[in-house]
$ cat input18.txt   # compact mmCIF, C-alpha atoms
# COMPACT_ATOMS: atom_id res chain seq x y z
CA MET J 1 -76.25 38.59 -0.78
CA GLU J 2 -73.17 38.27 -2.96
CA ILE J 3 -69.89 37.47 -1.22
CA LYS J 4 -66.46 37.63 -2.85
CA THR J 5 -63.08 37.26 -1.21
CA GLU J 6 -59.72 38.57 -2.36
CA ILE J 7 -56.45 37.94 -0.59
CA ASP J 8 -54.04 40.83 -0.11
CA GLY J 9 -50.91 39.51 1.61
CA ASN J 10 -52.08 38.23 4.98
CA ILE J 11 -55.40 40.06 4.75
CA ALA J 12 -58.66 38.61 3.46
CA VAL J 13 -60.74 41.33 1.83
CA VAL J 14 -64.38 40.22 1.87
CA LEU J 15 -66.66 42.15 -0.48
CA LEU J 16 -70.34 42.02 0.43
CA SER J 17 -73.18 43.14 -1.85
CA GLY J 18 -76.86 43.32 -0.96
CA ARG J 19 -78.72 43.22 2.35
CA LEU J 20 -77.05 41.92 5.51
CA GLU J 21 -79.92 40.63 7.63
CA ALA J 22 -81.25 37.49 9.34
CA VAL J 23 -81.93 35.68 6.07
CA THR J 24 -78.49 36.36 4.56
CA SER J 25 -76.36 36.41 7.70
CA SER J 26 -75.67 32.68 7.78
CA SER J 27 -73.96 32.74 4.35
CA VAL J 28 -71.81 35.68 5.47
CA GLU J 29 -70.99 33.90 8.72
CA THR J 30 -69.98 30.78 6.79
CA ALA J 31 -67.73 32.78 4.44
CA LEU J 32 -66.03 34.67 7.26
CA THR J 33 -65.55 31.54 9.38
CA LYS J 34 -64.01 29.80 6.37
CA GLU J 35 -61.45 32.60 5.99
CA ILE J 36 -60.58 32.61 9.70
CA SER J 37 -60.21 28.84 9.93
CA GLY J 38 -58.20 28.94 6.72
CA GLY J 39 -55.60 31.10 8.43
CA HIS J 40 -56.85 34.59 7.52
CA ALA J 41 -57.56 36.10 10.90
CA ARG J 42 -57.08 39.64 9.54
CA ILE J 43 -60.17 40.59 7.58
CA VAL J 44 -61.29 43.79 5.90
CA LEU J 45 -65.00 43.96 5.11
CA ASP J 46 -65.76 45.98 1.99
CA MET J 47 -69.34 47.17 2.56
CA ARG J 48 -69.62 49.73 -0.27
CA HIS J 49 -72.37 47.64 -1.86
CA VAL J 50 -74.30 46.76 1.29
CA SER J 51 -77.59 48.65 1.23
CA TYR J 52 -79.11 47.48 4.52
CA VAL J 53 -77.88 46.03 7.82
CA SER J 54 -80.20 44.67 10.52
CA SER J 55 -79.40 43.64 14.09
CA ALA J 56 -78.76 40.07 12.90
CA GLY J 57 -76.28 41.49 10.37
CA LEU J 58 -74.43 43.41 13.07
CA ARG J 59 -74.24 40.25 15.18
CA VAL J 60 -72.53 38.36 12.36
CA VAL J 61 -69.86 41.04 12.08
CA LEU J 62 -69.39 41.03 15.83
CA ALA J 63 -69.11 37.24 15.97
CA ALA J 64 -66.49 37.30 13.21
CA ALA J 65 -64.55 40.01 15.04
CA LYS J 66 -64.55 37.82 18.15
CA LYS J 67 -63.26 34.82 16.19
CA CYS J 68 -60.58 36.93 14.48
CA GLY J 69 -59.50 38.31 17.86
CA SER J 70 -59.27 34.82 19.34
CA ALA J 71 -57.13 33.76 16.35
CA GLY J 72 -54.76 36.69 16.90
CA GLY J 73 -56.14 39.01 14.22
CA GLY J 74 -59.03 41.41 13.84
CA ILE J 75 -61.61 42.96 11.56
CA ALA J 76 -61.97 46.41 10.02
CA ILE J 77 -64.83 47.73 7.90
CA PHE J 78 -64.98 50.36 5.18
CA GLY J 79 -67.38 51.90 2.68
CA LEU J 80 -70.57 52.24 4.72
CA GLN J 81 -73.50 53.73 2.80
CA PRO J 82 -75.32 56.54 4.69
CA GLY J 83 -78.23 54.39 5.91
CA VAL J 84 -75.88 51.62 7.04
CA HIS J 85 -73.54 54.18 8.59
CA GLU J 86 -76.44 55.42 10.73
CA VAL J 87 -77.02 51.88 12.06
CA PHE J 88 -73.36 51.48 12.94
CA SER J 89 -73.24 54.94 14.44
CA ILE J 90 -76.31 54.57 16.71
CA SER J 91 -75.07 51.21 17.98
CA GLY J 92 -71.59 52.61 18.59
CA PHE J 93 -70.05 49.74 16.66
CA GLY J 94 -67.01 51.84 15.86
CA LYS J 95 -65.94 51.60 19.50
CA ILE J 96 -65.59 47.84 19.15
CA ILE J 97 -64.63 47.40 15.49
CA PRO J 98 -62.61 49.93 13.44
CA ILE J 99 -64.65 51.65 10.73
CA ALA J 100 -62.76 53.35 7.90
CA GLU J 101 -63.50 55.53 4.91
CA ASN J 102 -61.59 53.44 2.39
CA TYR J 103 -59.52 50.30 2.03
CA ALA J 104 -56.17 51.93 2.70
CA ASP J 105 -57.49 53.43 5.93
CA ALA J 106 -59.08 50.09 6.93
CA ARG J 107 -55.74 48.32 6.46
CA VAL J 108 -54.10 50.81 8.80
CA LYS J 109 -56.84 50.45 11.41
CA LEU J 110 -56.82 46.67 11.25
CA PRO J 111 -55.56 45.25 14.54
CA THR J 112 -52.15 43.66 14.09
CA MET L 1 -79.08 21.78 35.37
CA ALA L 2 -81.12 19.79 32.91
CA LYS L 3 -82.06 22.57 30.48
CA THR L 4 -80.19 25.52 29.06
CA LEU L 5 -81.64 28.71 30.46
CA THR L 6 -82.95 31.47 28.22
CA LEU L 7 -82.10 35.13 28.81
CA ALA L 8 -85.55 35.65 30.37
CA ASP L 9 -84.84 32.79 32.77
CA GLU L 10 -81.44 34.18 33.70
CA ILE L 11 -82.65 37.68 34.43
CA VAL L 12 -85.49 36.36 36.63
CA ILE L 13 -82.99 34.31 38.64
CA LEU L 14 -81.05 37.50 39.32
CA MET L 15 -84.16 39.40 40.38
CA LEU L 16 -85.52 36.75 42.75
CA ASP L 17 -85.21 36.88 46.49
CA ASP L 18 -83.42 33.61 47.33
CA GLU L 19 -85.45 33.18 50.52
CA THR L 20 -88.96 33.60 49.16
CA GLY L 21 -88.66 33.17 45.43
CA ASN L 22 -90.50 36.44 44.88
CA ILE L 23 -89.14 39.28 42.79
CA LYS L 24 -87.16 41.60 45.07
CA PRO L 25 -89.00 44.91 45.68
CA ASP L 26 -86.36 46.96 43.81
CA PHE L 27 -86.97 44.97 40.63
CA ARG L 28 -90.78 44.80 40.71
CA PRO L 29 -91.38 47.82 38.45
CA VAL L 30 -89.10 46.41 35.74
CA ALA L 31 -89.49 42.64 36.08
CA ARG L 32 -92.13 42.22 33.36
CA VAL L 33 -90.22 44.56 31.04
CA ALA L 34 -87.04 42.51 31.51
CA ILE L 35 -88.86 39.21 30.89
CA ALA L 36 -90.51 40.51 27.70
CA ALA L 37 -87.17 41.89 26.45
CA GLY L 38 -85.38 38.66 27.39
CA ALA L 39 -87.86 36.66 25.31
CA LEU L 40 -87.40 38.97 22.32
CA MET L 41 -83.63 38.73 22.66
CA GLU L 42 -83.80 34.94 22.75
CA LEU L 43 -85.97 34.89 19.62
CA ALA L 44 -83.47 37.22 17.92
CA LEU L 45 -80.53 35.00 18.83
CA ILE L 46 -82.22 31.91 17.40
CA GLY L 47 -83.09 33.75 14.19
CA ARG L 48 -86.86 33.97 14.58
CA VAL L 49 -87.05 37.77 14.80
CA ASP L 50 -84.83 40.54 13.51
CA SER L 51 -84.88 44.30 13.97
CA ASP L 52 -83.59 47.58 12.64
CA LEU L 53 -83.92 51.21 13.66
CA GLN L 54 -87.56 51.28 12.54
CA SER L 55 -89.06 47.96 13.54
CA LEU L 56 -88.80 44.50 15.04
CA PHE L 57 -90.30 41.76 12.88
CA ALA L 58 -90.61 37.99 12.54
CA VAL L 59 -88.31 36.45 9.95
CA ASN L 60 -89.23 32.84 10.63
CA PRO L 61 -92.59 32.09 12.30
CA GLN L 62 -91.80 28.38 12.78
CA PRO L 63 -92.28 27.42 16.46
CA VAL L 64 -89.08 26.87 18.41
CA GLY L 65 -90.64 24.22 20.67
CA ASP L 66 -90.75 26.43 23.76
CA ILE L 67 -94.31 27.42 24.70
CA PHE L 68 -93.28 30.69 26.32
CA LEU L 69 -91.24 31.86 23.31
CA ASP L 70 -93.64 30.47 20.73
CA GLU L 71 -96.58 32.43 22.16
CA ILE L 72 -94.58 35.62 21.76
CA LEU L 73 -93.35 34.69 18.29
CA ASP L 74 -96.97 34.05 17.29
CA VAL L 75 -98.02 37.51 18.42
CA ILE L 76 -95.20 39.18 16.48
CA ALA L 77 -95.69 37.09 13.35
CA GLY L 78 -99.42 37.79 13.41
CA ASP L 79 -99.06 41.57 13.62
CA GLN L 80 -99.25 43.24 10.22
CA ASN L 81 -98.04 46.63 11.45
CA LYS L 82 -94.48 47.84 11.93
CA HIS L 83 -93.42 48.61 15.48
CA PRO L 84 -89.99 49.43 16.88
CA SER L 85 -88.32 47.15 19.44
CA ALA L 86 -89.21 49.43 22.36
CA TRP L 87 -92.89 49.23 21.41
CA TRP L 88 -92.72 45.44 21.45
CA VAL L 89 -90.92 45.32 24.79
CA ASP L 90 -93.56 47.58 26.31
CA HIS L 91 -96.49 45.81 24.62
CA LEU L 92 -95.40 42.30 25.61
CA SER L 93 -94.61 43.40 29.16
CA ARG L 94 -98.27 44.42 29.53
CA ALA L 95 -99.56 40.99 28.46
CA ASP L 96 -102.55 39.80 30.42
CA LYS L 97 -100.67 36.97 32.10
CA ASP L 98 -98.33 36.49 35.02
CA LEU L 99 -94.97 36.59 33.26
CA VAL L 100 -93.01 36.12 36.48
CA ALA L 101 -94.98 32.99 37.44
CA GLN L 102 -94.55 31.67 33.91
CA VAL L 103 -90.76 32.02 34.02
CA ARG L 104 -90.56 30.78 37.61
CA SER L 105 -92.38 27.63 36.55
CA ARG L 106 -89.87 27.20 33.68
CA LEU L 107 -87.04 27.51 36.20
CA VAL L 108 -88.58 24.79 38.38
CA ASP L 109 -88.88 22.55 35.30
CA ALA L 110 -85.27 23.30 34.40
CA GLY L 111 -84.12 22.36 37.89
CA ALA L 112 -82.78 25.85 38.63
CA LEU L 113 -85.42 26.50 41.31
CA LEU L 114 -86.95 24.18 43.88
CA GLU L 115 -90.58 24.60 44.87
CA GLU L 116 -91.04 24.36 48.65
CA ARG L 117 -94.25 24.27 50.64
CA ARG L 118 -93.98 26.62 53.59
CA SER L 119 -96.04 26.14 56.71
CA ASP L 120 -95.80 26.95 60.36
CA GLN L 121 -97.04 24.57 63.07
CA PHE L 122 -100.67 24.86 61.99
CA PHE L 123 -101.09 26.71 58.74
CA TYR L 124 -100.00 26.28 55.17
CA MET L 125 -98.19 29.54 54.33
CA GLY L 126 -97.86 29.11 50.57
CA ARG L 127 -95.08 28.13 48.24
CA ALA L 128 -91.56 29.44 48.07
CA TYR L 129 -89.09 29.05 45.25
CA VAL L 130 -85.47 28.72 46.22
CA PRO L 131 -82.43 28.23 44.00
CA SER L 132 -81.44 24.58 43.67
CA SER L 133 -77.85 25.79 43.83
CA GLY L 134 -75.98 29.03 43.30
CA GLU L 135 -74.88 27.74 39.93
CA ALA L 136 -77.18 29.75 37.63
CA LYS L 137 -76.67 33.02 39.49
CA GLY L 138 -72.94 32.40 39.79
CA GLU L 139 -72.66 31.78 36.08
CA VAL L 140 -74.39 35.04 35.19
CA LYS L 141 -72.09 36.93 37.55
CA ALA L 142 -69.01 35.29 36.04
CA ARG L 143 -70.13 36.18 32.53
CA MET L 144 -70.78 39.78 33.49
CA MET L 145 -67.36 40.12 35.11
CA SER L 146 -65.73 38.60 32.05
CA ILE L 147 -67.54 40.79 29.51
CA LEU L 148 -66.81 43.95 31.48
CA PHE L 149 -63.23 43.45 32.56
CA LYS L 150 -61.64 41.41 29.78
CA ASP L 151 -60.52 43.40 26.79
CA GLU L 152 -62.10 41.05 24.26
CA VAL L 153 -64.89 41.34 21.73
CA PRO L 154 -67.90 39.93 23.63
CA ASP L 155 -70.49 37.63 22.12
CA SER L 156 -74.02 38.80 21.40
CA ARG L 157 -75.72 36.66 24.05
CA ASP L 158 -73.58 38.19 26.78
CA ILE L 159 -74.10 41.71 25.40
CA LEU L 160 -77.87 41.18 25.48
CA LEU L 161 -77.71 39.75 28.99
CA LEU L 162 -75.68 42.78 30.08
CA GLY L 163 -78.43 45.00 28.64
CA LEU L 164 -81.02 43.19 30.76
CA VAL L 165 -78.92 43.15 33.91
CA HIS L 166 -78.05 46.83 33.56
CA SER L 167 -81.58 48.02 32.71
CA THR L 168 -83.08 46.27 35.74
CA GLY L 169 -80.44 47.65 38.10
CA ALA L 170 -79.29 44.12 38.95
CA LEU L 171 -75.73 44.97 37.96
CA SER L 172 -75.26 46.82 41.23
CA ALA L 173 -75.81 43.51 43.04
CA ILE L 174 -72.98 41.96 41.04
CA LEU L 175 -70.37 44.73 41.02
CA SER L 176 -68.95 46.75 43.88
CA ASN L 177 -69.23 50.54 43.63
CA ASP L 178 -65.59 50.75 42.54
CA GLU L 179 -66.05 48.08 39.89
CA MET L 180 -69.22 49.79 38.70
CA GLU L 181 -67.37 53.09 38.32
CA LYS L 182 -64.47 51.44 36.52
CA ALA L 183 -66.78 49.52 34.15
CA LYS L 184 -69.09 52.46 33.38
CA PRO L 185 -67.65 53.39 29.94
CA ARG L 186 -67.60 49.75 28.82
CA ILE L 187 -71.17 49.22 30.06
CA GLU L 188 -72.30 52.24 28.02
CA ASP L 189 -70.48 51.03 24.90
CA LEU L 190 -71.73 47.45 25.10
CA THR L 191 -75.35 48.14 26.03
CA ALA L 192 -75.65 50.48 23.01
CA LEU L 193 -74.63 47.73 20.57
CA GLU L 194 -77.92 45.84 20.50
CA ASP L 195 -81.20 47.33 19.36
CA ILE L 196 -83.30 45.35 21.87
CA GLY L 197 -80.76 46.25 24.56
CA ARG L 198 -81.34 49.95 23.89
CA ALA L 199 -85.09 49.31 23.87
CA VAL L 200 -85.16 47.59 27.27
CA GLU L 201 -83.06 50.37 28.76
CA ALA L 202 -85.59 52.97 27.60
CA VAL L 203 -88.73 51.03 28.57
CA ALA L 204 -87.35 49.97 31.97
CA GLY L 205 -86.48 53.62 32.66
CA GLN L 206 -90.06 54.65 31.91
CA ALA L 207 -91.46 51.83 34.07
CA ARG L 208 -89.23 52.88 36.96
CA ASP L 209 -90.26 56.54 36.56
CA SER L 210 -93.96 55.58 36.52
CA ALA L 211 -93.55 53.51 39.68
CA THR L 212 -91.74 56.38 41.41
CA SER L 213 -94.47 58.88 40.42
CA LEU L 214 -97.15 56.50 41.67
CA MET L 215 -95.42 56.06 45.03
CA LYS L 216 -95.00 59.83 45.40
CA ALA L 217 -98.68 60.36 44.64
CA LEU L 218 -99.72 57.68 47.14
CA TYR L 219 -97.62 59.05 49.98
CA ARG L 220 -98.21 62.74 49.30

$ encode --input "input18.txt" --output "structure tokens"
Amino acid sequence: MEIKTEIDGNIAVVLLSGRLEAVTSSSVETALTKEISGGHARIVLDMRHVSYVSSAGLRVVLAAAKKCGSAGGGIAIFGLQPGVHEVFSISGFGKIIPIAENYADARVKLPT
Amino acid sequence: MAKTLTLADEIVILMLDDETGNIKPDFRPVARVAIAAGALMELALIGRVDSDLQSLFAVNPQPVGDIFLDEILDVIAGDQNKHPSAWWVDHLSRADKDLVAQVRSRLVDAGALLEERRSDQFFYMGRAYVPSSGEAKGEVKARMMSILFKDEVPDSRDILLLGLVHSTGALSAILSNDEMEKAKPRIEDLTALEDIGRAVEAVAGQARDSATSLMKALYR
């Protein structure tokens, strides 16, 4: 899994590429925790290049959302591929974490 | 308490009759299902198994040092076929062993239950298992109230525990009817989040339906 972070004002945009699953989730967790503890509690996850998400992958996103919320921010996601979108849809993740079509929409949906 | 309780331990504590240490009649059809699902959830939380919409699979077959969990991990790691989470919950719940006794013995070891010999004036009446304190049950209740009524993103362990508590029907022993009604949308949202949570809901429903059909047939 490739992880890149860009800073846009007070938002950390984390770009993920590859498969988000048990094996890769710890590196994603580390990257997200680093951003939150570094003062970026508002995070947008760019998932356009994520081809697969397992239950362990969903848990990492949820854990990061909890940490962001506790730090006074939040998380929004955009760019879900169809197979990944199905996973998010069946689990009803969108009721807990905002899911957007694109970055601009994700910024708007990001909890303030 | 000396040891941290697993999800399987916690759900058994909720299903036990505090007087006798036996599973309460209402929970008997689903007790094994809940224990099997609780073990799978625990293995998922410690990164030994993972799942998706198609299957549940071992990602790390290394033993965790808990005999109960390691036996289950061994079975999953040794299976070459792909099976969804619901299949595993059902399959493990039908294991040829007394899952309730196994977890009850873990709870005695953990200090959450006390084993008492019961006898009347003349005869030994058997053993009873009573809570060492209300601590374990009280903690589960507090976590359920918090997850349902605080507007915060919950953590995965509590979401999974909610799935177990809801699928067994034990939530009605924790919440009043009003609270249950108020929490209904949040319960639906949270229990859908986890794959094994959805699986236990489905398998417990089937187990309850089978038990009801059997009772109807017996008393027809």

$ interface_residues --input "input18.txt" --of "chain J" --to "chain L" --cutoff "7 Å" --atoms "only C-alpha atoms" --output "PyMOL selection string"
chain J and resi 22+54-56+59+63+65-66+91-93

$ closest_residue --input "input18.txt" --among "J:Val23, J:Met47, J:Val53, J:Leu110" --to "J:Gly69" --atoms "all atoms listed in the file"
J:Leu110

$ atom_distance --input "input18.txt" --atom1 "atom CA of L:Ile13" --atom2 "atom CA of L:Ser213"
27.2 Å

$ closest_residue --input "input18.txt" --among "J:Val50, J:Leu15, J:Ile43, J:Ala104" --to "J:Ala71" --atoms "all atoms listed in the file"
J:Ile43

$ residues_around --input "input18.txt" --residues "J:Ile11" --least-positions-apart "2" --cutoff "9 Å" --atoms "only C-alpha atoms" --output "JSON, numbers by chain"
{"J": [6, 7, 8, 9, 13, 40, 41, 42, 43, 44, 107]}

$ atom_distance --input "input18.txt" --atom1 "atom CA of L:Ala207" --atom2 "atom CA of L:Asp90"
9.1 Å

$ atom_distance --input "input18.txt" --atom1 "atom CA of L:Leu73" --atom2 "atom CA of L:Leu14"
24.5 Å
